[in-house]
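model32.cif follows (mmCIF, C-alpha atoms; chains and numbers go by the auth columns):
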data_final
#
loop_
_atom_site.group_PDB
_atom_site.id
_atom_site.type_symbol
_atom_site.label_atom_id
_atom_site.label_comp_id
_atom_site.label_asym_id
_atom_site.label_seq_id
_atom_site.Cartn_x
_atom_site.Cartn_y
_atom_site.Cartn_z
_atom_site.B_iso_or_equiv
_atom_site.auth_seq_id
_atom_site.auth_asym_id
ATOM 1 C CA MET A 1 46.366 -2.044 16.781 0.00 61 A
ATOM 2 C CA VAL A 2 43.269 -4.108 15.994 0.00 62 A
ATOM 3 C CA SER A 3 43.619 -6.554 13.174 0.00 63 A
ATOM 4 C CA ALA A 4 41.061 -6.653 10.392 0.00 64 A
ATOM 5 C CA GLN A 5 40.160 -10.256 11.213 0.00 65 A
ATOM 6 C CA THR A 6 38.874 -9.540 14.732 0.00 66 A
ATOM 7 C CA LYS A 7 36.986 -6.369 13.810 0.00 67 A
ATOM 8 C CA GLU A 8 33.310 -6.710 12.862 0.00 68 A
ATOM 9 C CA ASP A 9 32.232 -5.618 9.433 0.00 69 A
ATOM 10 C CA PRO A 10 30.059 -2.476 9.905 0.00 70 A
ATOM 11 C CA LEU A 11 28.412 -2.869 6.474 0.00 71 A
ATOM 12 C CA ARG A 12 26.823 -6.223 7.146 0.00 72 A
ATOM 13 C CA THR A 13 23.385 -6.738 5.552 0.00 73 A
ATOM 14 C CA PHE A 14 20.660 -7.881 7.903 0.00 74 A
ATOM 15 C CA SER A 15 18.441 -10.582 6.479 0.00 75 A
ATOM 16 C CA PRO A 16 15.637 -11.924 8.692 0.00 76 A
ATOM 17 C CA LYS A 17 14.941 -15.630 8.666 0.00 77 A
ATOM 18 C CA PRO A 18 11.526 -16.799 7.397 0.00 78 A
ATOM 19 C CA ALA A 19 10.658 -17.902 10.945 0.00 79 A
ATOM 20 C CA ASP A 20 11.244 -14.327 12.195 0.00 80 A
ATOM 21 C CA ILE A 21 8.615 -12.825 9.883 0.00 81 A
ATOM 22 C CA GLN A 22 5.235 -12.597 11.607 0.00 82 A
ATOM 23 C CA ARG A 23 2.391 -11.165 9.518 0.00 83 A
ATOM 24 C CA ALA A 24 -0.476 -9.332 11.161 0.00 84 A
ATOM 25 C CA TRP A 25 -3.717 -8.035 9.642 0.00 85 A
ATOM 26 C CA HIS A 26 -4.704 -4.377 9.881 0.00 86 A
ATOM 27 C CA VAL A 27 -7.920 -2.611 8.896 0.00 87 A
ATOM 28 C CA VAL A 28 -7.985 1.050 7.831 0.00 88 A
ATOM 29 C CA ASP A 29 -11.121 3.178 7.567 0.00 89 A
ATOM 30 C CA ALA A 30 -10.646 5.532 4.596 0.00 90 A
ATOM 31 C CA ASP A 31 -13.716 7.649 5.331 0.00 91 A
ATOM 32 C CA GLY A 32 -12.711 11.280 4.749 0.00 92 A
ATOM 33 C CA VAL A 33 -8.970 10.549 4.588 0.00 93 A
ATOM 34 C CA VAL A 34 -6.841 12.244 1.925 0.00 94 A
ATOM 35 C CA LEU A 35 -5.854 9.662 -0.692 0.00 95 A
ATOM 36 C CA GLY A 36 -2.107 10.365 -0.785 0.00 96 A
ATOM 37 C CA ARG A 37 -1.742 10.330 2.997 0.00 97 A
ATOM 38 C CA LEU A 38 -3.653 7.060 3.196 0.00 98 A
ATOM 39 C CA ALA A 39 -1.527 5.500 0.451 0.00 99 A
ATOM 40 C CA THR A 40 1.798 6.378 2.085 0.00 100 A
ATOM 41 C CA GLU A 41 0.780 4.877 5.427 0.00 101 A
ATOM 42 C CA VAL A 42 -0.620 1.717 3.830 0.00 102 A
ATOM 43 C CA ALA A 43 2.434 1.251 1.593 0.00 103 A
ATOM 44 C CA SER A 44 4.738 1.568 4.597 0.00 104 A
ATOM 45 C CA VAL A 45 2.833 -1.131 6.528 0.00 105 A
ATOM 46 C CA LEU A 46 2.677 -3.403 3.460 0.00 106 A
ATOM 47 C CA ARG A 47 6.470 -3.172 3.090 0.00 107 A
ATOM 48 C CA GLY A 48 7.080 -3.758 6.797 0.00 108 A
ATOM 49 C CA LYS A 49 8.906 -0.502 7.499 0.00 109 A
ATOM 50 C CA HIS A 50 7.198 -0.265 10.888 0.00 110 A
ATOM 51 C CA LYS A 51 8.974 -3.425 12.084 0.00 111 A
ATOM 52 C CA PRO A 52 12.468 -3.683 13.538 0.00 112 A
ATOM 53 C CA ILE A 53 13.237 -6.639 11.224 0.00 113 A
ATOM 54 C CA PHE A 54 12.662 -4.595 8.043 0.00 114 A
ATOM 55 C CA ALA A 55 14.925 -5.504 5.159 0.00 115 A
ATOM 56 C CA PRO A 56 14.568 -3.673 1.837 0.00 116 A
ATOM 57 C CA HIS A 57 15.128 -6.813 -0.233 0.00 117 A
ATOM 58 C CA LEU A 58 12.517 -8.998 1.532 0.00 118 A
ATOM 59 C CA ASP A 59 8.767 -8.879 2.032 0.00 119 A
ATOM 60 C CA THR A 60 8.384 -8.485 5.799 0.00 120 A
ATOM 61 C CA GLY A 61 5.148 -6.489 5.788 0.00 121 A
ATOM 62 C CA ASP A 62 1.638 -7.087 7.056 0.00 122 A
ATOM 63 C CA HIS A 63 -1.725 -7.490 5.358 0.00 123 A
ATOM 64 C CA VAL A 64 -3.875 -4.348 5.107 0.00 124 A
ATOM 65 C CA ILE A 65 -7.641 -4.106 4.572 0.00 125 A
ATOM 66 C CA VAL A 66 -8.959 -0.715 3.440 0.00 126 A
ATOM 67 C CA VAL A 67 -12.703 -0.146 3.942 0.00 127 A
ATOM 68 C CA ASN A 68 -14.866 2.798 2.821 0.00 128 A
ATOM 69 C CA ALA A 69 -12.670 3.418 -0.221 0.00 129 A
ATOM 70 C CA SER A 70 -15.557 5.212 -1.922 0.00 130 A
ATOM 71 C CA ARG A 71 -15.349 7.954 0.730 0.00 131 A
ATOM 72 C CA VAL A 72 -11.677 8.816 0.201 0.00 132 A
ATOM 73 C CA VAL A 73 -10.923 12.463 -0.637 0.00 133 A
ATOM 74 C CA MET A 74 -8.629 14.142 -3.148 0.00 134 A
ATOM 75 C CA THR A 75 -7.745 17.748 -2.318 0.00 135 A
ATOM 76 C CA ALA A 76 -7.195 20.897 -4.388 0.00 136 A
ATOM 77 C CA GLY A 77 -9.250 19.734 -7.364 0.00 137 A
ATOM 78 C CA LYS A 78 -6.833 16.903 -8.160 0.00 138 A
ATOM 79 C CA ALA A 79 -9.713 14.515 -8.828 0.00 139 A
ATOM 80 C CA ASP A 80 -10.624 16.428 -11.980 0.00 140 A
ATOM 81 C CA ARG A 81 -7.084 17.380 -12.945 0.00 141 A
ATOM 82 C CA GLU A 82 -5.229 14.069 -12.547 0.00 142 A
ATOM 83 C CA VAL A 83 -5.623 11.338 -15.167 0.00 143 A
ATOM 84 C CA ALA A 84 -5.305 7.555 -14.795 0.00 144 A
ATOM 85 C CA TYR A 85 -3.920 5.788 -17.862 0.00 145 A
ATOM 86 C CA ARG A 86 -4.169 2.158 -18.925 0.00 146 A
ATOM 87 C CA HIS A 87 -3.379 0.311 -22.139 0.00 147 A
ATOM 88 C CA THR A 88 -5.552 -2.355 -23.730 0.00 148 A
ATOM 89 C CA GLY A 89 -2.577 -4.141 -25.252 0.00 149 A
ATOM 90 C CA TYR A 90 -3.587 -3.335 -28.815 0.00 150 A
ATOM 91 C CA PRO A 91 -1.980 -0.684 -31.067 0.00 151 A
ATOM 92 C CA GLY A 92 -3.450 2.712 -30.288 0.00 152 A
ATOM 93 C CA GLY A 93 -5.075 1.284 -27.177 0.00 153 A
ATOM 94 C CA LEU A 94 -4.076 3.942 -24.641 0.00 154 A
ATOM 95 C CA ARG A 95 -7.127 4.822 -22.551 0.00 155 A
ATOM 96 C CA HIS A 96 -7.417 7.587 -19.974 0.00 156 A
ATOM 97 C CA ARG A 97 -9.932 8.488 -17.326 0.00 157 A
ATOM 98 C CA SER A 98 -9.995 11.266 -14.731 0.00 158 A
ATOM 99 C CA TYR A 99 -9.620 10.280 -11.100 0.00 159 A
ATOM 100 C CA ALA A 100 -13.045 11.793 -10.373 0.00 160 A
ATOM 101 C CA ASP A 101 -14.594 9.352 -12.836 0.00 161 A
ATOM 102 C CA LEU A 102 -12.471 6.455 -11.570 0.00 162 A
ATOM 103 C CA LEU A 103 -13.419 7.272 -7.981 0.00 163 A
ATOM 104 C CA ALA A 104 -17.106 7.273 -8.898 0.00 164 A
ATOM 105 C CA ARG A 105 -16.984 4.018 -10.889 0.00 165 A
ATOM 106 C CA ARG A 106 -14.269 1.924 -9.199 0.00 166 A
ATOM 107 C CA PRO A 107 -13.117 3.420 -5.878 0.00 167 A
ATOM 108 C CA GLU A 108 -11.180 0.259 -4.993 0.00 168 A
ATOM 109 C CA GLU A 109 -9.030 0.715 -8.096 0.00 169 A
ATOM 110 C CA THR A 110 -8.264 4.324 -7.144 0.00 170 A
ATOM 111 C CA VAL A 111 -6.830 3.332 -3.760 0.00 171 A
ATOM 112 C CA ARG A 112 -5.031 0.286 -5.179 0.00 172 A
ATOM 113 C CA ARG A 113 -3.322 2.385 -7.894 0.00 173 A
ATOM 114 C CA SER A 114 -2.184 4.984 -5.374 0.00 174 A
ATOM 115 C CA VAL A 115 -0.660 2.393 -3.055 0.00 175 A
ATOM 116 C CA LYS A 116 0.910 0.430 -5.902 0.00 176 A
ATOM 117 C CA GLY A 117 2.715 3.542 -7.130 0.00 177 A
ATOM 118 C CA MET A 118 4.442 3.834 -3.757 0.00 178 A
ATOM 119 C CA LEU A 119 5.722 0.247 -3.701 0.00 179 A
ATOM 120 C CA PRO A 120 8.933 -1.026 -5.320 0.00 180 A
ATOM 121 C CA LYS A 121 8.730 -1.869 -8.992 0.00 181 A
ATOM 122 C CA GLY A 122 9.466 -5.472 -9.927 0.00 182 A
ATOM 123 C CA ARG A 123 8.964 -8.825 -8.213 0.00 183 A
ATOM 124 C CA LEU A 124 8.925 -7.473 -4.685 0.00 184 A
ATOM 125 C CA GLY A 125 6.259 -4.880 -5.465 0.00 185 A
ATOM 126 C CA ARG A 126 4.052 -7.403 -7.250 0.00 186 A
ATOM 127 C CA LYS A 127 4.282 -9.735 -4.268 0.00 187 A
ATOM 128 C CA THR A 128 3.613 -6.938 -1.785 0.00 188 A
ATOM 129 C CA ILE A 129 0.496 -5.520 -3.494 0.00 189 A
ATOM 130 C CA LYS A 130 -1.224 -8.906 -3.127 0.00 190 A
ATOM 131 C CA LYS A 131 -1.455 -8.281 0.632 0.00 191 A
ATOM 132 C CA LEU A 132 -3.687 -5.242 0.066 0.00 192 A
ATOM 133 C CA LYS A 133 -7.468 -5.773 0.176 0.00 193 A
ATOM 134 C CA VAL A 134 -9.665 -2.774 -0.725 0.00 194 A
ATOM 135 C CA TYR A 135 -13.452 -2.529 -0.334 0.00 195 A
ATOM 136 C CA ALA A 136 -15.738 0.347 -1.326 0.00 196 A
ATOM 137 C CA GLY A 137 -18.100 -0.120 1.632 0.00 197 A
ATOM 138 C CA PRO A 138 -17.660 -0.638 5.377 0.00 198 A
ATOM 139 C CA GLU A 139 -17.873 -4.475 5.233 0.00 199 A
ATOM 140 C CA HIS A 140 -15.072 -6.952 4.506 0.00 200 A
ATOM 141 C CA PRO A 141 -14.916 -10.781 4.521 0.00 201 A
ATOM 142 C CA HIS A 142 -11.683 -11.039 6.550 0.00 202 A
ATOM 143 C CA SER A 143 -13.074 -11.104 10.086 0.00 203 A
ATOM 144 C CA ALA A 144 -11.587 -14.580 10.650 0.00 204 A
ATOM 145 C CA GLN A 145 -8.081 -13.058 10.459 0.00 205 A
ATOM 146 C CA LEU A 146 -8.914 -10.766 13.433 0.00 206 A
ATOM 147 C CA PRO A 147 -7.613 -7.544 11.869 0.00 207 A
ATOM 148 C CA GLN A 148 -6.532 -4.790 14.243 0.00 208 A
ATOM 149 C CA PRO A 149 -7.469 -1.152 13.497 0.00 209 A
ATOM 150 C CA LEU A 150 -4.524 0.797 12.122 0.00 210 A
ATOM 151 C CA ALA A 151 -4.237 4.385 13.329 0.00 211 A
ATOM 152 C CA LEU A 152 -2.907 6.656 10.609 0.00 212 A
ATOM 153 C CA SER A 153 -0.024 8.688 11.979 0.00 213 A
ATOM 154 C CA SER A 154 -0.611 11.557 9.569 0.00 214 A
ATOM 155 C CA GLY A 155 -4.181 11.629 10.883 0.00 215 A
ATOM 156 C CA ARG A 156 -5.291 14.471 8.645 0.00 216 A
ATOM 157 C CA ARG A 157 -8.791 14.111 7.390 0.00 217 A
ATOM 158 C CA ALA A 158 -10.152 16.426 4.755 0.00 218 A
ATOM 159 C CA ASP A 159 -12.871 18.831 5.833 0.00 219 A
ATOM 160 C CA ARG A 160 -16.143 17.770 4.341 0.00 220 A
ATOM 161 C CA GLY A 161 -18.614 20.513 3.815 0.00 221 A
#
Structure re-expressed in structure tokens:
Amino acid sequence: MVSAQTKEDPLRTFSPKPADIQRAWHVVDADGVVLGRLATEVASVLRGKHKPIFAPHLDTGDHVIVVNASRVVMTAGKADREVAYRHTGYPGGLRHRSYADLLARRPEETVRRSVKGMLPKGRLGRKTIKKLKVYAGPEHPHSAQLPQPLALSSGRRADRG
């Protein structure tokens, strides 16, 4: 019979050391990509779920740059049907805007909101969303970080036309 002292604990929590966490930079081209599919892939990379050292209580993810956010697509008429809410902070200050309007005026905010909704709520989510950089056009100022192109595994692009 094996004693409890010599047996390893199977429920041990893995916690990577700060020296183990290596952050890379990725760039994603959102031209013609469905918004929800883009957001799930980006949120997964921001959290670090693609790494073997992933721990749900730590920020082990990479930085992600999204370019061409103005060319992202929402399918099945969701752009007109879905509504983005915000509050001014004053009584009666609830404001709403359709995603079609938000996409036309501030496409960066559309992508950022979608990704933020897929991250954990609380301190960890607020820290993680800071690693997301979104730009409406094809240019970004992060060339010094040598970002690598990120291939989306879902790979489905909406048919334009």
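Each of A:Gly185, A:Pro209, A:Gly121, A:Pro78 was compared to Ser104 in chain A using all atoms listed in the file, and A:Gly121 turns out to be the nearest.
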- Message: Counting only C-alpha atoms, which residue out of A:Ala115, A:Leu154, A:Ile189, A:Ile125 sits closest to Ser75 in chain A?
- Response: A:Ala115
- Message: From the options A:Thr148, A:Thr135, A:Thr120, A:Ser203, which residue's atoms come nearest to Lys191 in chain A, counting all atoms listed in the file?
- Response: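 Selected residue with least distance to Lys191 in chain A: A:Thr120.
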Selection in question (the file shown): the PyMOL selection byres ((chain A and resi 164) around 12). Which residues does it include, as a tab-separated table (two decimals) with C-alpha atoms, in the frame of the given file?
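After the write, selection_15.tsv holds the following:
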chain	number	residue	atom	x	y	z
A	129	ALA	CA	-12.67	3.42	-0.22
A	130	SER	CA	-15.56	5.21	-1.92
A	131	ARG	CA	-15.35	7.95	0.73
A	132	VAL	CA	-11.68	8.82	0.20
A	133	VAL	CA	-10.92	12.46	-0.64
A	139	ALA	CA	-9.71	14.52	-8.83
A	140	ASP	CA	-10.62	16.43	-11.98
A	157	ARG	CA	-9.93	8.49	-17.33
A	158	SER	CA	-9.99	11.27	-14.73
A	159	TYR	CA	-9.62	10.28	-11.10
A	160	ALA	CA	-13.04	11.79	-10.37
A	161	ASP	CA	-14.59	9.35	-12.84
A	162	LEU	CA	-12.47	6.46	-11.57
A	163	LEU	CA	-13.42	7.27	-7.98
A	165	ARG	CA	-16.98	4.02	-10.89
A	166	ARG	CA	-14.27	1.92	-9.20
A	167	PRO	CA	-13.12	3.42	-5.88
A	168	GLU	CA	-11.18	0.26	-4.99
A	169	GLU	CA	-9.03	0.72	-8.10
A	170	THR	CA	-8.26	4.32	-7.14
A	196	ALA	CA	-15.74	0.35	-1.33
- Query: Which distance in Å separates CA of Val175 in chain A and CA of Thr188 in chain A, to one decimal?
  - Reply: 10.3 Å
- Message: Could you tell me how far CA of Lys181 in chain A sits from CA of Glu142 in chain A, in Å to one decimal place?
- Response: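 So the two atoms, CA of Glu142 in chain A and CA of Lys181 in chain A, lie 21.5 Å apart.
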- Message: Give me the residues near Lys193 in chain A as a list in words, where near means some atom within 10 Å (using all atoms listed in the file) and where sequence neighbours in that chain fewer than 4 positions away do not count.
- Response: Val87, His123, Val124, Ile125, Val126, Val127, Glu168, Val171, Arg172, Ile189, His200, Pro201 and His202 of chain A
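Pairwise distance (CA of Ala84 in chain A, CA of Met134 in chain A) equals 28.7 Å.
Checking A:Lys77, A:Ala99, A:His86, A:Asn128 one by one against Pro198 in chain A, counting only C-alpha atoms, you find the shortest gap at A:Asn128.
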- Item | Chain and number of each residue from the PyMOL selection byres ((chain A and resi 100-102) around 9), as JSON, numbers by chain | {"A": [88, 95, 96, 97, 98, 99, 103, 104, 105, 106, 107, 124, 126, 174, 175, 178, 192, 212, 213, 214]}
Box along x, y and z, 6 Å on every side, all listed atoms of range 192-196 of chain A inside: centre and edge lengths in Å to one decimal, as AutoDock Vina command-line options.
--center_x -9.7 --center_y -2.7 --center_z -0.6 --size_x 24.1 --size_y 18.1 --size_z 13.5
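If all atoms listed in the file are the atoms counted, then among A:Ala90, A:Ala136, A:Leu179, A:Val194 the closest residue to Leu210 in chain A is A:Ala90.
Checking A:Gln208, A:Glu199, A:Lys138, A:Ala144 one by one against Gly177 in chain A, counting all atoms listed in the file, you find the shortest gap at A:Ala144.
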As a PDB file, in the coordinates of the input, the rebuilt range 193-214 of chain A with N, CA, C and O atoms:
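Output saved as rebuild.pdb:
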ATOM      1  N   LYS A 193      -6.069  -5.475   0.487  1.00  0.00           N
ATOM      2  CA  LYS A 193      -7.468  -5.773   0.176  1.00  0.00           C
ATOM      3  C   LYS A 193      -8.250  -4.476   0.325  1.00  0.00           C
ATOM      4  O   LYS A 193      -8.199  -3.852   1.381  1.00  0.00           O
ATOM      5  N   VAL A 194      -8.950  -4.055  -0.735  1.00  0.00           N
ATOM      6  CA  VAL A 194      -9.665  -2.774  -0.725  1.00  0.00           C
ATOM      7  C   VAL A 194     -11.142  -3.029  -0.992  1.00  0.00           C
ATOM      8  O   VAL A 194     -11.492  -3.780  -1.908  1.00  0.00           O
ATOM      9  N   TYR A 195     -12.005  -2.387  -0.195  1.00  0.00           N
ATOM     10  CA  TYR A 195     -13.452  -2.529  -0.334  1.00  0.00           C
ATOM     11  C   TYR A 195     -14.101  -1.152  -0.316  1.00  0.00           C
ATOM     12  O   TYR A 195     -13.723  -0.287   0.482  1.00  0.00           O
ATOM     13  N   ALA A 196     -15.078  -0.951  -1.191  1.00  0.00           N
ATOM     14  CA  ALA A 196     -15.738   0.347  -1.326  1.00  0.00           C
ATOM     15  C   ALA A 196     -16.598   0.670  -0.108  1.00  0.00           C
ATOM     16  O   ALA A 196     -16.717   1.822   0.284  1.00  0.00           O
ATOM     17  N   GLY A 197     -17.212  -0.330   0.497  1.00  0.00           N
ATOM     18  CA  GLY A 197     -18.100  -0.120   1.632  1.00  0.00           C
ATOM     19  C   GLY A 197     -17.439  -0.437   2.960  1.00  0.00           C
ATOM     20  O   GLY A 197     -16.243  -0.739   3.029  1.00  0.00           O
ATOM     21  N   PRO A 198     -18.222  -0.409   4.037  1.00  0.00           N
ATOM     22  CA  PRO A 198     -17.660  -0.638   5.377  1.00  0.00           C
ATOM     23  C   PRO A 198     -17.472  -2.110   5.737  1.00  0.00           C
ATOM     24  O   PRO A 198     -16.878  -2.422   6.765  1.00  0.00           O
ATOM     25  N   GLU A 199     -17.959  -3.038   4.924  1.00  0.00           N
ATOM     26  CA  GLU A 199     -17.873  -4.475   5.233  1.00  0.00           C
ATOM     27  C   GLU A 199     -16.706  -5.134   4.502  1.00  0.00           C
ATOM     28  O   GLU A 199     -16.369  -4.750   3.380  1.00  0.00           O
ATOM     29  N   HIS A 200     -16.111  -6.147   5.137  1.00  0.00           N
ATOM     30  CA  HIS A 200     -15.072  -6.952   4.506  1.00  0.00           C
ATOM     31  C   HIS A 200     -15.204  -8.398   4.987  1.00  0.00           C
ATOM     32  O   HIS A 200     -15.683  -8.649   6.093  1.00  0.00           O
ATOM     33  N   PRO A 201     -14.773  -9.365   4.162  1.00  0.00           N
ATOM     34  CA  PRO A 201     -14.916 -10.781   4.521  1.00  0.00           C
ATOM     35  C   PRO A 201     -13.734 -11.372   5.285  1.00  0.00           C
ATOM     36  O   PRO A 201     -13.585 -12.587   5.319  1.00  0.00           O
ATOM     37  N   HIS A 202     -12.898 -10.543   5.908  1.00  0.00           N
ATOM     38  CA  HIS A 202     -11.683 -11.039   6.550  1.00  0.00           C
ATOM     39  C   HIS A 202     -11.754 -11.004   8.071  1.00  0.00           C
ATOM     40  O   HIS A 202     -10.728 -10.856   8.747  1.00  0.00           O
ATOM     41  N   SER A 203     -12.941 -11.156   8.629  1.00  0.00           N
ATOM     42  CA  SER A 203     -13.074 -11.104  10.086  1.00  0.00           C
ATOM     43  C   SER A 203     -12.404 -12.298  10.766  1.00  0.00           C
ATOM     44  O   SER A 203     -12.015 -12.208  11.933  1.00  0.00           O
ATOM     45  N   ALA A 204     -12.230 -13.403  10.061  1.00  0.00           N
ATOM     46  CA  ALA A 204     -11.587 -14.580  10.650  1.00  0.00           C
ATOM     47  C   ALA A 204     -10.102 -14.323  10.932  1.00  0.00           C
ATOM     48  O   ALA A 204      -9.512 -14.976  11.797  1.00  0.00           O
ATOM     49  N   GLN A 205      -9.491 -13.368  10.242  1.00  0.00           N
ATOM     50  CA  GLN A 205      -8.081 -13.058  10.459  1.00  0.00           C
ATOM     51  C   GLN A 205      -7.876 -12.118  11.645  1.00  0.00           C
ATOM     52  O   GLN A 205      -6.737 -11.788  11.972  1.00  0.00           O
ATOM     53  N   LEU A 206      -8.953 -11.664  12.274  1.00  0.00           N
ATOM     54  CA  LEU A 206      -8.914 -10.766  13.433  1.00  0.00           C
ATOM     55  C   LEU A 206      -8.057  -9.521  13.166  1.00  0.00           C
ATOM     56  O   LEU A 206      -7.058  -9.284  13.858  1.00  0.00           O
ATOM     57  N   PRO A 207      -8.425  -8.722  12.172  1.00  0.00           N
ATOM     58  CA  PRO A 207      -7.613  -7.544  11.869  1.00  0.00           C
ATOM     59  C   PRO A 207      -7.718  -6.488  12.965  1.00  0.00           C
ATOM     60  O   PRO A 207      -8.779  -6.280  13.546  1.00  0.00           O
ATOM     61  N   GLN A 208      -6.593  -5.847  13.250  1.00  0.00           N
ATOM     62  CA  GLN A 208      -6.532  -4.790  14.243  1.00  0.00           C
ATOM     63  C   GLN A 208      -6.661  -3.437  13.539  1.00  0.00           C
ATOM     64  O   GLN A 208      -6.107  -3.260  12.456  1.00  0.00           O
ATOM     65  N   PRO A 209      -7.369  -2.473  14.135  1.00  0.00           N
ATOM     66  CA  PRO A 209      -7.469  -1.152  13.497  1.00  0.00           C
ATOM     67  C   PRO A 209      -6.097  -0.477  13.450  1.00  0.00           C
ATOM     68  O   PRO A 209      -5.332  -0.536  14.413  1.00  0.00           O
ATOM     69  N   LEU A 210      -5.793   0.113  12.317  1.00  0.00           N
ATOM     70  CA  LEU A 210      -4.524   0.797  12.122  1.00  0.00           C
ATOM     71  C   LEU A 210      -4.761   2.295  12.217  1.00  0.00           C
ATOM     72  O   LEU A 210      -5.535   2.857  11.444  1.00  0.00           O
ATOM     73  N   ALA A 211      -4.121   2.931  13.176  1.00  0.00           N
ATOM     74  CA  ALA A 211      -4.237   4.385  13.329  1.00  0.00           C
ATOM     75  C   ALA A 211      -3.266   5.049  12.372  1.00  0.00           C
ATOM     76  O   ALA A 211      -2.064   4.743  12.374  1.00  0.00           O
ATOM     77  N   LEU A 212      -3.765   5.945  11.547  1.00  0.00           N
ATOM     78  CA  LEU A 212      -2.907   6.656  10.609  1.00  0.00           C
ATOM     79  C   LEU A 212      -2.148   7.740  11.353  1.00  0.00           C
ATOM     80  O   LEU A 212      -2.738   8.573  12.032  1.00  0.00           O
ATOM     81  N   SER A 213      -0.827   7.714  11.221  1.00  0.00           N
ATOM     82  CA  SER A 213      -0.024   8.688  11.979  1.00  0.00           C
ATOM     83  C   SER A 213      -0.180  10.097  11.437  1.00  0.00           C
ATOM     84  O   SER A 213      -0.099  11.061  12.178  1.00  0.00           O
ATOM     85  N   SER A 214      -0.419  10.220  10.125  1.00  0.00           N
ATOM     86  CA  SER A 214      -0.611  11.557   9.569  1.00  0.00           C
ATOM     87  C   SER A 214      -1.929  12.119  10.107  1.00  0.00           C
ATOM     88  O   SER A 214      -2.008  13.297  10.428  1.00  0.00           O
TER      89      SER A 214
END
